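Enquirer: Next comes structure.txt, compact mmCIF, C-alpha atoms and all ligand atoms:
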```txt
# COMPACT_ATOMS: atom_id res chain seq x y z
CA MET A 1 3.16 4.49 18.42
CA ALA A 2 -0.44 4.68 17.25
CA ASP A 3 -2.74 2.64 19.44
CA LYS A 4 -6.24 2.77 17.96
CA LYS A 5 -6.88 -0.33 15.84
CA LYS A 6 -10.22 -0.17 14.07
CA VAL A 7 -12.55 -3.01 13.16
CA LEU A 8 -12.45 -3.52 9.42
CA LYS A 9 -15.65 -3.64 7.42
CA SER A 10 -14.81 -4.73 3.91
CA THR A 11 -16.81 -5.95 0.96
CA ASP A 12 -13.69 -7.16 -0.84
CA ASP A 13 -12.16 -10.63 -0.68
CA SER A 14 -8.99 -9.09 0.76
CA ASN A 15 -10.74 -8.82 4.15
CA ASP A 16 -8.51 -11.29 5.99
CA ILE A 17 -5.23 -10.01 4.63
CA ILE A 18 -5.47 -6.34 5.53
CA GLY A 19 -4.15 -4.39 8.52
CA SER A 20 -4.67 -5.92 11.95
CA LYS A 21 -6.25 -9.04 10.40
CA LEU A 22 -2.97 -10.05 8.78
CA SER A 23 -1.04 -13.02 10.07
CA PHE A 24 2.14 -12.56 12.08
CA GLU A 25 4.27 -13.41 9.04
CA GLY A 26 2.31 -11.03 6.82
CA ARG A 27 2.72 -8.13 9.22
CA GLU A 28 6.41 -8.82 9.63
CA ALA A 29 6.84 -8.83 5.85
CA TYR A 30 5.18 -5.39 5.53
CA ASN A 31 7.18 -4.06 8.49
CA LEU A 32 10.35 -5.17 6.74
CA LEU A 33 9.17 -3.52 3.54
CA ARG A 34 8.49 -0.30 5.50
CA THR A 35 11.96 -0.38 7.05
CA ASN A 36 13.65 -1.01 3.71
CA LEU A 37 11.69 1.79 2.06
CA MET A 38 12.52 4.24 4.84
CA PHE A 39 16.21 3.35 4.46
CA CYS A 40 16.38 3.63 0.70
CA THR A 41 14.40 6.87 0.43
CA LYS A 42 14.88 10.13 2.27
CA ARG A 43 12.68 13.11 3.01
CA ASN A 44 12.66 15.40 -0.01
CA ASP A 45 12.63 19.19 0.02
CA ARG A 46 8.88 18.94 0.60
CA ASN A 47 9.84 17.27 3.90
CA ALA A 48 8.10 13.99 3.11
CA ARG A 49 8.60 10.81 1.18
CA VAL A 50 6.34 10.54 -1.87
CA ILE A 51 6.27 6.98 -3.20
CA GLY A 52 4.23 5.57 -6.08
CA ILE A 53 3.31 1.88 -6.13
CA THR A 54 2.67 0.32 -9.51
CA SER A 55 3.30 -2.88 -11.49
CA SER A 56 3.46 -4.12 -15.05
CA VAL A 57 -0.10 -5.51 -15.38
CA HIS A 58 -3.33 -5.60 -13.36
CA GLY A 59 -3.89 -7.88 -10.38
CA GLU A 60 -0.32 -8.12 -9.11
CA GLY A 61 -1.26 -6.91 -5.64
CA LYS A 62 -0.52 -3.17 -5.79
CA SER A 63 -3.58 -2.07 -3.85
CA LEU A 64 -3.34 -4.76 -1.18
CA THR A 65 0.36 -3.99 -0.74
CA ILE A 66 -0.13 -0.25 -0.47
CA ILE A 67 -2.86 -0.59 2.18
CA ASN A 68 -0.74 -2.87 4.33
CA LEU A 69 2.31 -0.70 3.81
CA ALA A 70 0.34 2.41 4.87
CA TYR A 71 -0.93 0.52 7.91
CA SER A 72 2.60 -0.50 8.88
CA ILE A 73 3.88 3.07 8.42
CA ALA A 74 1.07 4.48 10.60
CA GLU A 75 1.73 1.79 13.20
CA SER A 76 5.33 3.00 13.42
CA GLY A 77 4.02 6.43 14.47
CA ARG A 78 4.41 8.27 11.15
CA LYS A 79 1.60 10.20 9.49
CA VAL A 80 0.77 8.64 6.14
CA ILE A 81 -1.74 9.50 3.41
CA LEU A 82 -2.77 6.97 0.80
CA VAL A 83 -3.83 8.71 -2.42
CA GLU A 84 -5.82 6.54 -4.81
CA CYS A 85 -4.71 7.44 -8.31
CA ASP A 86 -6.04 4.41 -10.14
CA LEU A 87 -8.82 6.65 -11.41
CA ARG A 88 -10.10 4.12 -13.95
CA LEU A 89 -10.56 1.01 -11.80
CA PRO A 90 -10.40 2.11 -8.17
CA THR A 91 -10.60 -0.70 -5.59
CA LEU A 92 -9.15 0.74 -2.38
CA ARG A 93 -12.42 2.17 -1.07
CA LYS A 94 -14.04 -1.27 -1.16
CA LYS A 95 -10.98 -2.98 0.32
CA LEU A 96 -11.07 -0.45 3.17
CA GLY A 97 -14.86 -0.72 3.56
CA ILE A 98 -15.34 3.03 3.14
CA PRO A 99 -18.47 4.63 1.64
CA LYS A 100 -18.16 6.32 -1.72
CA ALA A 101 -17.37 10.02 -1.66
CA THR A 102 -15.81 12.61 -3.88
CA GLY A 103 -12.08 12.18 -4.34
CA VAL A 104 -8.98 12.90 -6.39
CA SER A 105 -10.78 13.20 -9.74
CA ASN A 106 -13.40 15.58 -8.34
CA PHE A 107 -10.74 17.67 -6.67
CA LEU A 108 -8.68 17.87 -9.84
CA ALA A 109 -11.73 18.76 -11.87
CA GLY A 110 -12.35 21.56 -9.37
CA VAL A 111 -15.63 20.14 -8.05
CA SER A 112 -14.76 19.51 -4.39
CA SER A 113 -12.24 20.76 -1.88
CA GLU A 114 -9.43 18.58 -0.54
CA LYS A 115 -10.81 18.75 3.00
CA ALA A 116 -14.21 17.43 1.95
CA THR A 117 -12.77 14.29 0.39
CA LEU A 118 -10.09 13.26 2.87
CA GLN A 119 -10.91 10.35 5.20
CA LYS A 120 -8.96 10.46 8.44
CA ASP A 121 -7.60 7.60 10.53
CA VAL A 122 -8.83 4.65 8.46
CA LEU A 123 -7.96 1.26 10.01
CA ILE A 124 -5.50 2.92 12.43
CA ASP A 125 -4.65 6.41 13.72
CA GLY A 126 -2.32 8.30 11.42
CA PHE A 127 -3.50 6.54 8.24
CA ASP A 128 -5.50 8.99 6.09
CA PHE A 129 -7.07 8.17 2.74
CA LEU A 130 -8.02 10.16 -0.34
CA GLN A 131 -10.19 8.03 -2.60
CA ALA A 132 -10.24 8.17 -6.40
CA GLY A 133 -13.67 9.78 -6.76
CA ASP A 134 -15.89 9.62 -9.82
CA ILE A 135 -14.35 7.95 -12.86
CA PRO A 136 -13.26 10.76 -15.17
CA PRO A 137 -13.08 10.63 -18.98
CA ASN A 138 -9.46 11.90 -18.96
CA PRO A 139 -7.45 10.32 -16.09
CA SER A 140 -4.03 10.81 -17.73
CA GLU A 141 -4.70 14.45 -18.33
CA LEU A 142 -5.82 14.99 -14.74
CA LEU A 143 -2.77 13.20 -13.30
CA GLY A 144 -0.49 15.26 -15.53
CA SER A 145 -2.09 18.54 -14.50
CA LYS A 146 -0.57 21.31 -12.40
CA GLN A 147 -3.41 20.81 -9.91
CA PHE A 148 -2.26 17.24 -9.29
CA ALA A 149 1.31 18.40 -8.63
CA THR A 150 -0.04 21.04 -6.24
CA LEU A 151 -2.24 18.49 -4.46
CA ILE A 152 0.73 16.15 -3.87
CA ASP A 153 2.95 19.06 -2.80
CA ASN A 154 0.35 20.19 -0.27
CA LEU A 155 -0.06 16.68 1.11
CA ALA A 156 3.73 16.32 1.35
CA GLN A 157 3.80 19.35 3.65
CA ALA A 158 1.31 17.72 6.01
CA TYR A 159 2.43 14.06 6.09
CA ASP A 160 5.61 12.08 6.69
CA VAL A 161 4.82 9.72 3.82
CA VAL A 162 2.56 10.11 0.77
CA LEU A 163 1.74 6.78 -0.90
CA ILE A 164 0.24 6.87 -4.39
CA ASP A 165 -1.74 3.87 -5.63
CA LEU A 166 -1.25 3.73 -9.41
CA PRO A 167 -2.62 1.65 -12.26
CA PRO A 168 -0.32 -0.78 -14.10
CA ILE A 169 2.34 0.70 -16.38
CA GLY A 170 1.79 -1.84 -19.14
CA GLU A 171 -1.86 -0.96 -19.64
CA VAL A 172 -2.21 2.83 -19.37
CA SER A 173 0.11 5.82 -19.25
CA ASP A 174 -1.34 7.22 -15.97
CA ALA A 175 1.33 5.77 -13.67
CA LEU A 176 4.19 7.22 -15.69
CA VAL A 177 2.48 10.58 -15.90
CA ALA A 178 1.78 10.67 -12.14
CA SER A 179 5.30 9.43 -11.31
CA ARG A 180 6.63 12.92 -12.04
CA CYS A 181 5.14 14.07 -8.73
CA SER A 182 6.73 11.22 -6.76
CA ASP A 183 10.26 10.64 -5.52
CA GLY A 184 10.17 7.26 -7.20
CA LEU A 185 8.19 4.16 -8.09
CA VAL A 186 8.11 0.76 -6.47
CA LEU A 187 6.98 -2.08 -8.74
CA VAL A 188 5.01 -5.04 -7.40
CA VAL A 189 5.90 -8.40 -8.95
CA ARG A 190 3.57 -11.31 -8.13
CA ASN A 191 4.78 -14.87 -7.73
CA ASN A 192 3.47 -17.25 -10.44
CA TYR A 193 1.67 -14.36 -12.11
CA THR A 194 3.98 -11.64 -13.43
CA ASN A 195 5.29 -12.24 -16.91
CA ALA A 196 8.99 -11.40 -17.47
CA SER A 197 8.28 -9.71 -20.80
CA ASP A 198 5.55 -7.52 -19.26
CA LEU A 199 7.93 -6.48 -16.49
CA ASP A 200 10.64 -5.77 -19.03
CA TYR A 201 8.22 -3.61 -21.03
CA ALA A 202 7.22 -1.68 -17.90
CA LEU A 203 10.85 -1.04 -16.97
CA ARG A 204 11.65 0.16 -20.47
CA GLN A 205 8.71 2.58 -20.24
CA CYS A 206 10.06 3.89 -16.93
CA LYS A 207 13.47 4.42 -18.47
CA LEU A 208 11.99 6.16 -21.48
CA VAL A 209 10.26 8.83 -19.38
CA GLY A 210 12.99 9.01 -16.74
CA ALA A 211 10.84 7.62 -13.93
CA LYS A 212 12.97 6.55 -10.99
CA VAL A 213 12.43 2.94 -9.94
CA ILE A 214 13.25 2.63 -6.24
CA GLY A 215 12.80 -1.13 -6.11
CA PHE A 216 10.51 -4.12 -6.37
CA ILE A 217 8.10 -5.89 -4.05
CA TYR A 218 7.85 -9.65 -4.50
CA ASN A 219 4.22 -10.39 -3.63
CA ASP A 220 2.53 -13.67 -2.83
CA SER A 221 5.72 -15.67 -2.38
CA GLU A 222 5.62 -18.95 -0.50
CA SER A 223 6.60 -18.02 3.03
CA LYS A 224 9.94 -19.28 4.24
CA LEU A 225 8.71 -18.34 7.71
CA ASN A 226 6.15 -21.16 7.79
CA LYS A 227 8.64 -23.55 9.35
CA TYR A 228 9.55 -20.95 11.92
CA LYS A 229 5.91 -20.37 12.80
CA TYR A 230 5.29 -24.09 13.12
CA GLY A 231 8.39 -24.59 15.29
CA TYR A 232 7.53 -21.69 17.54
CA GLY A 233 3.89 -22.76 17.94
CA LYS A 234 4.92 -26.28 18.80
CA LYS A 235 7.49 -25.13 21.32
CA TYR A 236 5.02 -22.81 22.98
CA LYS A 237 2.40 -25.53 23.20
CA TYR A 238 4.81 -28.03 24.80
CA GLY A 239 6.09 -25.43 27.24
CA TYR A 240 2.59 -24.56 28.31
CA ALA A 241 1.63 -28.21 28.85
CA ASP A 242 4.76 -28.82 30.93
CA ALA A 243 4.01 -25.81 33.09
CA SER A 244 0.43 -26.94 33.81
CA ARG A 245 1.64 -30.43 34.73
CA LYS A 246 4.06 -28.95 37.24
CA ARG A 247 1.30 -26.87 38.78
CA LYS A 248 -0.89 -29.96 39.36
CA SER A 249 1.82 -32.05 41.09
N1 LIG B 1 -0.22 -11.88 -1.32
C1 LIG B 1 -1.50 -12.11 -1.59
N2 LIG B 1 -2.15 -13.12 -0.99
C2 LIG B 1 -3.46 -13.37 -1.26
N3 LIG B 1 -4.21 -12.65 -2.11
C3 LIG B 1 -3.61 -11.62 -2.74
C4 LIG B 1 -2.23 -11.30 -2.52
N4 LIG B 1 -1.93 -10.23 -3.28
C5 LIG B 1 -3.05 -9.90 -3.94
N5 LIG B 1 -4.06 -10.71 -3.63
C6 LIG B 1 -5.44 -10.68 -4.14
O1 LIG B 1 -5.37 -10.55 -5.57
C7 LIG B 1 -6.37 -9.64 -6.02
C8 LIG B 1 -5.68 -8.50 -6.77
O2 LIG B 1 -4.95 -7.73 -5.81
P1 LIG B 1 -4.93 -6.15 -5.88
O3 LIG B 1 -6.29 -5.60 -6.08
O4 LIG B 1 -4.16 -5.65 -4.71
O5 LIG B 1 -4.06 -6.00 -7.20
P2 LIG B 1 -3.78 -4.72 -8.07
O6 LIG B 1 -2.41 -4.91 -8.61
O7 LIG B 1 -4.04 -3.49 -7.30
O8 LIG B 1 -4.84 -4.90 -9.22
P3 LIG B 1 -5.35 -3.77 -10.26
O9 LIG B 1 -4.25 -3.58 -11.23
O10 LIG B 1 -6.56 -4.42 -10.89
O11 LIG B 1 -5.65 -2.54 -9.47
C9 LIG B 1 -7.14 -9.16 -4.79
O12 LIG B 1 -8.30 -9.97 -4.66
C10 LIG B 1 -6.18 -9.42 -3.66
O13 LIG B 1 -6.85 -9.67 -2.44
MG MG B 2 -5.25 -1.76 -7.66
```
Is it possible to give me this structure as structure tokens?
Expert:
Amino acid sequence: MADKKKVLKSTDDSNDIIGSKLSFEGREAYNLLRTNLMFCTKRNDRNARVIGITSSVHGEGKSLTIINLAYSIAESGRKVILVECDLRLPTLRKKLGIPKATGVSNFLAGVSSEKATLQKDVLIDGFDFLQAGDIPPNPSELLGSKQFATLIDNLAQAYDVVLIDLPPIGEVSDALVASRCSDGLVLVVRNNYTNASDLDYALRQCKLVGAKVIGFIYNDSESKLNKYKYGYGKKYKYGYADASRKRKS
């Protein structure tokens, strides 16, 4: 089990809902997601799991989800790399509070080496990060290139899990193009936000290109654990008070 928890410096409003800052319920939800994903995927012939996270439209919580999922995977002792492939509107670097550096786009354009762009042990040991890099004029082309397939293959040799942060399917073709290098896609659906027809469109696109949809993540739901948390907190408080009374008498 990884033990080094790092202090998060973030300039994004997701500060309180990332990694070790997450509530008990939040962390449990991502741990459950991790367990489910590990059960319903298996190591491929590259000896890793390569999973793309996408959604139908922007703002459904893909990036937040993928960071917390990566954190949970690293916490379970597996080596995970988060590859930022939303090359048009990258947000992970800011969410993680990491300075700008060269990244996927620069590597694919042949400008920088993989080693130079990889950030090791972000937030927690075992969680490495490859940021998007400079915004290129041709993201789809880069993600469909042989170099991208080689990059993911190489990472799959070195990690237990490769997580790919993708843009929404309904807005650009990048996610579908990049999905060819993954074992499957997981679609984030946000409570009170995702439109059924947008999701339907995204799923039809996946079917059209033969992209495998592993499952869905229901984000931002109203927690059914709230009652449990309240009950537990109350119980603990009463127990503690009783114990201190006994000590005084
Ligand atoms: N479960 C949640 N609880 C609270 N805030 C959330 C939740 N999920 C997402 N958000 C917030 O919603 C905003 C959008 O989330 P995020 O950036 O993860 O979405 P995205 O799907 O990656 O968006 P984009 O398509 O623009 O990349 C962020 O400010 C994030 O902090
Ligand atoms: Mg995003």
Enquirer: Would you mind listing what lies within 12 Å of Gly59 of chain A as a count of residues only, with all atoms listed in the file counted and same-chain residues fewer than 3 positions away left out?
Expert: 22
Enquirer: How big is the axis-aligned box around the listed atoms of ligand LIG 1 (chain B) once 3 Å is added on each side, and where is its centre? Give both in Å to one decimal, as lines of an AutoDock Vina configuration file.
Expert:
```
center_x = -4.3
center_y = -8.0
center_z = -6.1
size_x = 14.1
size_y = 16.8
size_z = 16.2
```
Enquirer: Do you have the atom CA of Glu84 of chain A-atom CA of Val104 of chain A distance handy?
Expert: 7.3 Å
Enquirer: Pick out the residues sitting within 8 Å of Leu176 of chain A, and hand them over as a list in words; count all atoms listed in the file, and ignore anything fewer than 6 positions along from it in its own chain.
Expert: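 The contact residues come out as Ile169, Gln205, Cys206, Val209 and Ala211 of chain A.
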Enquirer: What's the 8 Å shell around segment 122-139 of chain A, counting all atoms listed in the file, without same-chain residues fewer than 5 positions away, as a short mmCIF file (atom, residue, chain, number, x, y, z; two decimals) with C-alpha atoms, in the coordinates of the input?
Expert:
```
data_model
loop_
_atom_site.label_atom_id
_atom_site.label_comp_id
_atom_site.auth_asym_id
_atom_site.auth_seq_id
_atom_site.Cartn_x
_atom_site.Cartn_y
_atom_site.Cartn_z
CA ALA A 2 -0.44 4.68 17.25
CA ASP A 3 -2.74 2.64 19.44
CA LYS A 4 -6.24 2.77 17.96
CA LYS A 5 -6.88 -0.33 15.84
CA LYS A 6 -10.22 -0.17 14.07
CA VAL A 7 -12.55 -3.01 13.16
CA LEU A 8 -12.45 -3.52 9.42
CA GLY A 19 -4.15 -4.39 8.52
CA ALA A 70 0.34 2.41 4.87
CA TYR A 71 -0.93 0.52 7.91
CA ALA A 74 1.07 4.48 10.60
CA GLU A 75 1.73 1.79 13.20
CA GLY A 77 4.02 6.43 14.47
CA ARG A 78 4.41 8.27 11.15
CA LYS A 79 1.60 10.20 9.49
CA VAL A 80 0.77 8.64 6.14
CA ILE A 81 -1.74 9.50 3.41
CA LEU A 82 -2.77 6.97 0.80
CA VAL A 83 -3.83 8.71 -2.42
CA GLU A 84 -5.82 6.54 -4.81
CA CYS A 85 -4.71 7.44 -8.31
CA ASP A 86 -6.04 4.41 -10.14
CA LEU A 87 -8.82 6.65 -11.41
CA ARG A 88 -10.10 4.12 -13.95
CA LEU A 89 -10.56 1.01 -11.80
CA PRO A 90 -10.40 2.11 -8.17
CA LEU A 92 -9.15 0.74 -2.38
CA ARG A 93 -12.42 2.17 -1.07
CA LEU A 96 -11.07 -0.45 3.17
CA LYS A 100 -18.16 6.32 -1.72
CA ALA A 101 -17.37 10.02 -1.66
CA THR A 102 -15.81 12.61 -3.88
CA GLY A 103 -12.08 12.18 -4.34
CA VAL A 104 -8.98 12.90 -6.39
CA SER A 105 -10.78 13.20 -9.74
CA ASN A 106 -13.40 15.58 -8.34
CA THR A 117 -12.77 14.29 0.39
CA ASP A 174 -1.34 7.22 -15.97
#
```
Enquirer: Rank nothing, just name the residue among A:Ile98, A:Ala202, A:Leu108, A:Leu208 nearest to Gly170 of chain A, using all atoms listed in the file.
Expert: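 Distance minimum relative to Gly170 of chain A lands on A:Ala202.
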Enquirer: Restricting the calculation to all atoms listed in the file: of A:Gly52, A:Gly61, A:Gly26, A:Gly215, which residue gets closest to ligand MG 2 (chain B)?
Expert: A:Gly61
Enquirer: Distance atom CA of Leu22 of chain A-atom CA of Asn68 of chain A, one decimal place?
Expert: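 Interatomic distance, atom CA of Leu22 of chain A to atom CA of Asn68 of chain A: 8.7 Å.
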Enquirer: Under the rule that all atoms listed in the file are counted, which of A:Val161, A:Leu187, A:Ala178, A:Leu118 is the nearest residue to ligand LIG 1 (chain B)?
Expert: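 Ranking A:Val161, A:Leu187, A:Ala178, A:Leu118 by distance to ligand LIG 1 (chain B), first place goes to A:Leu187.
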Enquirer: Taking only C-alpha atoms into account, name the residue in A:Leu151, A:Leu143, A:Leu69, A:Ala175 that is nearest to Glu28 of chain A.
Expert: A:Leu69
Enquirer: Could you please determine the separation between atom CA of Ala158 of chain A and atom CA of Val50 of chain A in Å, to one decimal place?
Expert: 11.8 Å
Enquirer: What's the 6 Å shell around Val186 of chain A, counting all atoms listed in the file, without same-chain residues fewer than 5 positions away, as a list in words?
Expert: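 Residues meeting the cut-off are Ile53, Val213, Ile214, Gly215 and Phe216 of chain A.
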Enquirer: Return the single residue from A:Leu32, A:Ile164, A:Asp45, A:Ala149 that is closest to ligand MG 2 (chain B), with distances computed using all atoms listed in the file.
Expert: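 Of A:Leu32, A:Ile164, A:Asp45, A:Ala149, the one nearest ligand MG 2 (chain B) is A:Ile164, counting all atoms listed in the file.
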